[in-house]
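So this one's entry-v1.txt, compact mmCIF, C-alpha atoms:
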```txt
# COMPACT_ATOMS: atom_id res chain seq x y z
CA MET A 1 0.00 0.00 0.00
CA SER A 2 1.43 3.35 -1.03
CA GLU A 3 0.72 6.59 0.76
CA THR A 4 -0.76 8.08 -2.42
CA GLU A 5 -3.37 5.40 -2.98
CA GLY A 6 -4.34 5.10 0.67
CA ILE A 7 -5.91 2.16 2.46
CA LYS A 8 -7.92 0.15 -0.07
CA ILE A 9 -11.24 -1.10 1.32
CA LEU A 10 -13.76 -3.58 -0.08
CA ILE A 11 -17.26 -3.74 1.42
CA ALA A 12 -19.06 -7.07 1.08
CA GLY A 13 -22.24 -8.73 2.30
CA ALA A 14 -24.15 -5.56 3.19
CA PRO A 15 -27.22 -4.37 1.25
CA VAL A 16 -26.48 -1.92 -1.56
CA LEU A 17 -27.79 1.10 0.37
CA VAL A 18 -25.64 0.24 3.38
CA ARG A 19 -22.58 -0.22 1.18
CA SER A 20 -23.23 3.16 -0.43
CA ALA A 21 -23.53 4.89 2.95
CA LEU A 22 -20.36 3.28 4.27
CA SER A 23 -18.50 4.15 1.06
CA LEU A 24 -19.44 7.82 1.40
CA LEU A 25 -18.28 7.85 5.01
CA LEU A 26 -14.99 6.07 4.30
CA ASN A 27 -14.12 8.02 1.15
CA ARG A 28 -14.45 11.30 3.08
CA GLU A 29 -11.81 10.11 5.53
CA PRO A 30 -8.23 11.03 4.52
CA GLY A 31 -6.21 7.95 3.65
CA PHE A 32 -9.20 5.69 2.94
CA ARG A 33 -10.35 4.55 -0.49
CA VAL A 34 -13.25 2.18 -1.16
CA VAL A 35 -12.30 0.14 -4.22
CA GLY A 36 -15.50 -1.85 -4.65
CA GLY A 37 -18.41 -3.76 -3.22
CA ALA A 38 -19.78 -7.28 -3.35
CA SER A 39 -22.73 -9.29 -2.14
CA GLY A 40 -21.73 -12.32 -0.10
CA GLY A 41 -20.11 -15.71 -0.51
CA LYS A 42 -18.28 -16.39 -3.75
CA GLU A 43 -18.64 -12.83 -5.07
CA ALA A 44 -16.94 -11.45 -1.96
CA LEU A 45 -14.10 -13.95 -2.37
CA GLY A 46 -13.76 -13.27 -6.09
CA ARG A 47 -13.67 -9.50 -5.64
CA THR A 48 -11.14 -9.82 -2.82
CA ILE A 49 -8.81 -11.87 -5.03
CA GLU A 50 -9.35 -9.46 -7.94
CA LEU A 51 -8.94 -6.16 -6.08
CA ARG A 52 -6.57 -7.22 -3.27
CA PRO A 53 -7.92 -4.68 -0.77
CA ASP A 54 -6.01 -3.90 2.41
CA VAL A 55 -9.22 -4.33 4.40
CA LEU A 56 -12.36 -6.35 3.67
CA LEU A 57 -15.42 -5.17 5.60
CA LEU A 58 -17.60 -8.28 5.66
CA ASP A 59 -21.22 -7.83 6.75
CA LEU A 60 -22.51 -11.12 8.14
CA GLY A 61 -26.11 -9.95 8.05
CA LEU A 62 -28.45 -12.66 9.27
CA SER A 63 -26.31 -15.60 8.10
CA GLU A 64 -25.39 -18.30 10.56
CA GLY A 65 -22.13 -17.94 12.45
CA GLY A 66 -20.70 -21.10 10.90
CA GLU A 67 -21.12 -19.69 7.41
CA GLY A 68 -19.30 -16.54 8.43
CA VAL A 69 -16.41 -18.53 9.89
CA ALA A 70 -16.11 -20.60 6.70
CA ALA A 71 -16.18 -17.45 4.54
CA VAL A 72 -13.41 -15.77 6.55
CA ARG A 73 -11.31 -18.93 6.49
CA LYS A 74 -11.56 -19.25 2.71
CA ILE A 75 -10.78 -15.57 2.13
CA LYS A 76 -7.71 -15.71 4.38
CA CYS A 77 -6.52 -18.85 2.58
CA ASP A 78 -6.77 -17.25 -0.87
CA ALA A 79 -5.94 -13.64 0.05
CA PRO A 80 -3.81 -13.84 3.21
CA ASP A 81 -2.65 -10.21 3.03
CA THR A 82 -6.21 -8.82 3.19
CA LYS A 83 -7.34 -8.00 6.72
CA VAL A 84 -10.93 -9.06 7.42
CA CYS A 85 -13.16 -6.95 9.67
CA ILE A 86 -16.63 -8.28 10.50
CA LEU A 87 -19.69 -6.02 10.47
CA SER A 88 -22.74 -7.29 12.33
CA SER A 89 -25.99 -6.08 13.82
CA PHE A 90 -25.49 -8.41 16.78
CA GLU A 91 -22.83 -9.29 19.32
CA ARG A 92 -22.40 -12.94 18.38
CA LYS A 93 -20.19 -13.78 21.29
CA ARG A 94 -20.72 -17.52 21.01
CA PHE A 95 -18.66 -17.73 17.81
CA LEU A 96 -16.34 -14.76 18.37
CA LEU A 97 -13.37 -17.03 19.15
CA ASP A 98 -13.98 -19.08 16.01
CA ILE A 99 -14.22 -15.99 13.77
CA LEU A 100 -10.92 -14.69 15.18
CA ARG A 101 -9.24 -18.08 14.76
CA ALA A 102 -10.46 -18.15 11.15
CA GLY A 103 -8.42 -15.00 10.54
CA ALA A 104 -10.66 -11.99 11.17
CA THR A 105 -8.92 -9.15 13.01
CA GLY A 106 -11.89 -6.92 13.72
CA TYR A 107 -15.52 -7.13 14.79
CA ILE A 108 -17.73 -4.03 14.66
CA THR A 109 -21.40 -3.86 15.61
CA LYS A 110 -23.49 -1.38 13.64
CA ASP A 111 -24.49 0.67 16.67
CA VAL A 112 -21.07 2.37 16.86
CA ASP A 113 -20.87 6.02 15.87
CA ASP A 114 -19.03 7.23 12.76
CA GLU A 115 -15.89 8.27 14.61
CA GLU A 116 -15.51 4.92 16.34
CA PHE A 117 -16.23 3.05 13.10
CA LEU A 118 -13.46 4.92 11.27
CA ARG A 119 -11.08 4.35 14.17
CA ALA A 120 -11.84 0.63 14.10
CA VAL A 121 -11.13 0.35 10.37
CA ARG A 122 -7.84 2.18 10.78
CA ILE A 123 -6.78 -0.07 13.66
CA VAL A 124 -7.47 -3.18 11.57
CA ALA A 125 -5.68 -1.68 8.54
CA ASP A 126 -2.63 -1.02 10.74
CA GLY A 127 -2.45 -4.73 11.56
CA PHE A 128 -4.01 -4.73 15.02
CA ILE A 129 -7.14 -6.45 16.35
CA TYR A 130 -10.19 -4.28 17.01
CA LEU A 131 -12.91 -5.39 19.41
CA GLN A 132 -15.42 -3.35 21.37
CA PRO A 133 -14.95 -3.29 25.17
CA ASN A 134 -17.80 -5.70 25.94
CA MET A 135 -16.36 -8.27 23.54
CA ILE A 136 -12.90 -7.90 25.07
CA GLN A 137 -14.51 -8.49 28.45
CA TYR A 138 -16.14 -11.65 27.11
CA LEU A 139 -12.81 -13.01 25.82
CA VAL A 140 -11.12 -12.25 29.14
CA GLU A 141 -13.88 -14.09 31.02
CA GLU A 142 -13.57 -17.05 28.65
CA ALA A 143 -9.81 -17.17 29.18
CA LEU A 144 -10.20 -17.01 32.96
CA ASN A 145 -12.76 -19.81 32.80
CA GLY A 146 -10.33 -21.99 30.86
CA ALA A 147 -12.16 -21.84 27.53
CA GLY A 148 -10.00 -21.61 24.47
CA ALA A 149 -9.57 -24.91 22.68
CA ALA A 150 -10.21 -24.38 18.98
CA SER A 151 -13.47 -26.06 17.99
CA ASP A 152 -12.63 -25.96 14.29
CA PRO A 153 -8.95 -25.21 13.60
CA ASN A 154 -8.04 -23.84 10.20
CA PRO A 155 -5.90 -26.39 8.26
CA CYS A 156 -4.47 -23.54 6.16
CA ASP A 157 -2.64 -22.32 9.26
CA ALA A 158 -0.24 -25.25 8.75
CA LEU A 159 0.81 -23.91 5.34
CA SER A 160 3.75 -21.54 4.95
CA GLY A 161 3.22 -18.19 3.23
CA ARG A 162 4.65 -19.54 -0.02
CA GLU A 163 2.48 -22.66 0.22
CA GLN A 164 -0.64 -20.55 0.79
CA GLU A 165 0.23 -18.48 -2.27
CA LEU A 166 0.70 -21.60 -4.39
CA PHE A 167 -2.45 -23.17 -2.94
CA SER A 168 -4.49 -20.15 -4.09
CA TYR A 169 -3.37 -20.83 -7.67
CA ILE A 170 -4.30 -24.50 -7.32
CA THR A 171 -7.82 -23.55 -6.21
CA LYS A 172 -8.18 -21.41 -9.35
CA GLY A 173 -7.26 -24.36 -11.59
CA TYR A 174 -3.75 -23.29 -12.65
CA SER A 175 -1.49 -26.04 -14.05
CA ASN A 176 1.99 -26.69 -12.66
CA LYS A 177 3.50 -24.94 -15.68
CA GLU A 178 1.25 -21.89 -15.23
CA ILE A 179 2.04 -21.72 -11.51
CA SER A 180 5.77 -21.90 -12.20
CA LYS A 181 5.49 -18.90 -14.53
CA GLN A 182 3.37 -16.91 -12.07
CA LEU A 183 5.73 -17.52 -9.14
CA PHE A 184 9.01 -17.60 -11.12
CA ILE A 185 9.96 -21.04 -9.82
CA SER A 186 10.69 -24.33 -11.55
CA ILE A 187 8.03 -26.95 -12.22
CA LYS A 188 9.94 -29.33 -9.91
CA THR A 189 9.68 -26.76 -7.11
CA VAL A 190 5.94 -26.40 -7.78
CA GLU A 191 5.57 -30.18 -7.56
CA ALA A 192 7.52 -30.28 -4.29
CA HIS A 193 5.37 -27.52 -2.77
CA LYS A 194 2.20 -29.26 -3.96
CA LYS A 195 3.33 -32.52 -2.36
CA ARG A 196 3.91 -30.79 0.98
CA ILE A 197 0.53 -29.02 0.75
CA MET A 198 -1.23 -32.33 0.13
CA GLU A 199 0.56 -33.89 3.10
CA LYS A 200 -0.35 -31.01 5.42
CA LEU A 201 -4.00 -31.02 4.29
CA ASN A 202 -4.14 -34.83 4.38
CA ALA A 203 -5.09 -35.00 0.70
CA LYS A 204 -4.25 -38.27 -1.05
CA SER A 205 -4.76 -36.98 -4.59
CA LEU A 206 -5.33 -33.78 -6.54
CA SER A 207 -9.06 -34.53 -6.61
CA ASP A 208 -9.01 -34.75 -2.79
CA LEU A 209 -7.27 -31.37 -2.73
CA MET A 210 -9.89 -29.80 -5.00
CA ARG A 211 -12.74 -31.28 -2.91
CA TYR A 212 -11.07 -29.71 0.12
CA CYS A 213 -11.15 -26.34 -1.69
CA TYR A 214 -14.89 -26.61 -2.29
CA VAL A 215 -15.62 -27.72 1.27
CA GLN A 216 -13.72 -24.68 2.58
CA ASN A 217 -15.59 -22.33 0.23
```
Spit out the file's structure as structure tokens when you get a sec.
Amino acid sequence: MSETEGIKILIAGAPVLVRSALSLLLNREPGFRVVGGASGGKEALGRTIELRPDVLLLDLGLSEGGEGVAAVRKIKCDAPDTKVCILSSFERKRFLLDILRAGATGYITKDVDDEEFLRAVRIVADGFIYLQPNMIQYLVEEALNGAGAASDPNPCDALSGREQELFSYITKGYSNKEISKQLFISIKTVEAHKKRIMEKLNAKSLSDLMRYCYVQN
């Protein structure tokens, strides 16, 4: 991210009118630039890969918590450099730990005022975690009560940065030759990385690996 282009933001999942209102607010703030919008699911993932925003504001709406966790996990697998900040009308404390483990680094409820909303986005863009005080209190209480075992760990966490980058090309259907050209490495190196990825994800064949991609989507 250069200083001239500012912090690139993609807004996904929210209704069109909400996206428009948030875009107006963000674009008025020095250093922020909304680069696009998307509905939910695959469109949000596709636009994130296409635009490579610094921050994805993902509105969970009324979808189930598990769907939100899966969406964040897939986005962080395919676009690890994009920081994901959740927007929600509710304090869904019961899956807060899972959404953070999936890779989200912010959670904003829609009752915050404009100033706090902008502050939250900037904190996330700077690489820090943003949570509202009541949610921090909840996490502290959970830690003190001994809660904290991951209920659904993200297998992509086992992959190195290079492996995650290569894995994103695999999910898009690139051949070994095409991947080698994109990453400026030899085909043998691509094959070696792919073998390690399959081992880490417990995939016995390329078809297993592709089924894993769809399950995570």
Box centre and edge lengths (Å, one decimal), axis-aligned, stretch 186-203 of chain A plus 6 Å each side, as JSON:
```
{"center_x": 2.8, "center_y": -29.7, "center_z": -3.4, "size_x": 27.8, "size_y": 22.7, "size_z": 29.6}
```
Exercise. Counting all atoms listed in the file, write as a ChimeraX atom specification all protein and nucleic acid residues lying at most 12 Å from (-6.7, -10.3, 2.6) in the file's frame.
Key: /A:8-10,44-58,72-85,103-105,124-125,127,165
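The nearest approach to A:Phe117 among the residues A:Val140, A:Ser20, A:Glu29, A:Ile99, with all atoms listed in the file taken into account, belongs to A:Glu29.
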I'd like the neighbourhood of stretch 174-180 of chain A as a PDB file with C-alpha atoms, keeping the file's coordinate frame, where a residue qualifies if any of its atoms comes within 10 Å (using all atoms listed in the file), though same-chain residues fewer than 5 positions away should be ignored.
```
ATOM      1  CA  GLU A 165       0.230 -18.480  -2.270  1.00  0.00           C
ATOM      2  CA  LEU A 166       0.700 -21.600  -4.390  1.00  0.00           C
ATOM      3  CA  PHE A 167      -2.450 -23.170  -2.940  1.00  0.00           C
ATOM      4  CA  SER A 168      -4.490 -20.150  -4.090  1.00  0.00           C
ATOM      5  CA  TYR A 169      -3.370 -20.830  -7.670  1.00  0.00           C
ATOM      6  CA  ILE A 185       9.960 -21.040  -9.820  1.00  0.00           C
ATOM      7  CA  SER A 186      10.690 -24.330 -11.550  1.00  0.00           C
ATOM      8  CA  ILE A 187       8.030 -26.950 -12.220  1.00  0.00           C
ATOM      9  CA  LYS A 188       9.940 -29.330  -9.910  1.00  0.00           C
ATOM     10  CA  THR A 189       9.680 -26.760  -7.110  1.00  0.00           C
ATOM     11  CA  VAL A 190       5.940 -26.400  -7.780  1.00  0.00           C
ATOM     12  CA  GLU A 191       5.570 -30.180  -7.560  1.00  0.00           C
ATOM     13  CA  LYS A 194       2.200 -29.260  -3.960  1.00  0.00           C
TER      14      LYS A 194
END
```
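Taking atom CA of A:Ile108 and atom CA of A:Phe32 as endpoints, the distance between them is 17.5 Å.
Here atom CA of A:Asp59 and atom CA of A:Ile170 stand 27.6 Å from one another.
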Quiz item: Could you state the separation of atom CA of A:Ala21 and atom CA of A:Tyr130 in Å, given to one decimal place?
Solution: 21.4 Å
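Look at A:Leu131: the protein and nucleic acid residues within 8 Å of it, using all atoms listed in the file and passing over chain neighbours fewer than 3 places away, are A:Gly106, A:Tyr107, A:Ile108, A:Met135, A:Ile136.
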Self-check item: From A:Leu139, A:Leu17, A:Ala120, A:Ala12, residue lying nearest A:Ala38 [all atoms listed in the file]
Solution: A:Ala12
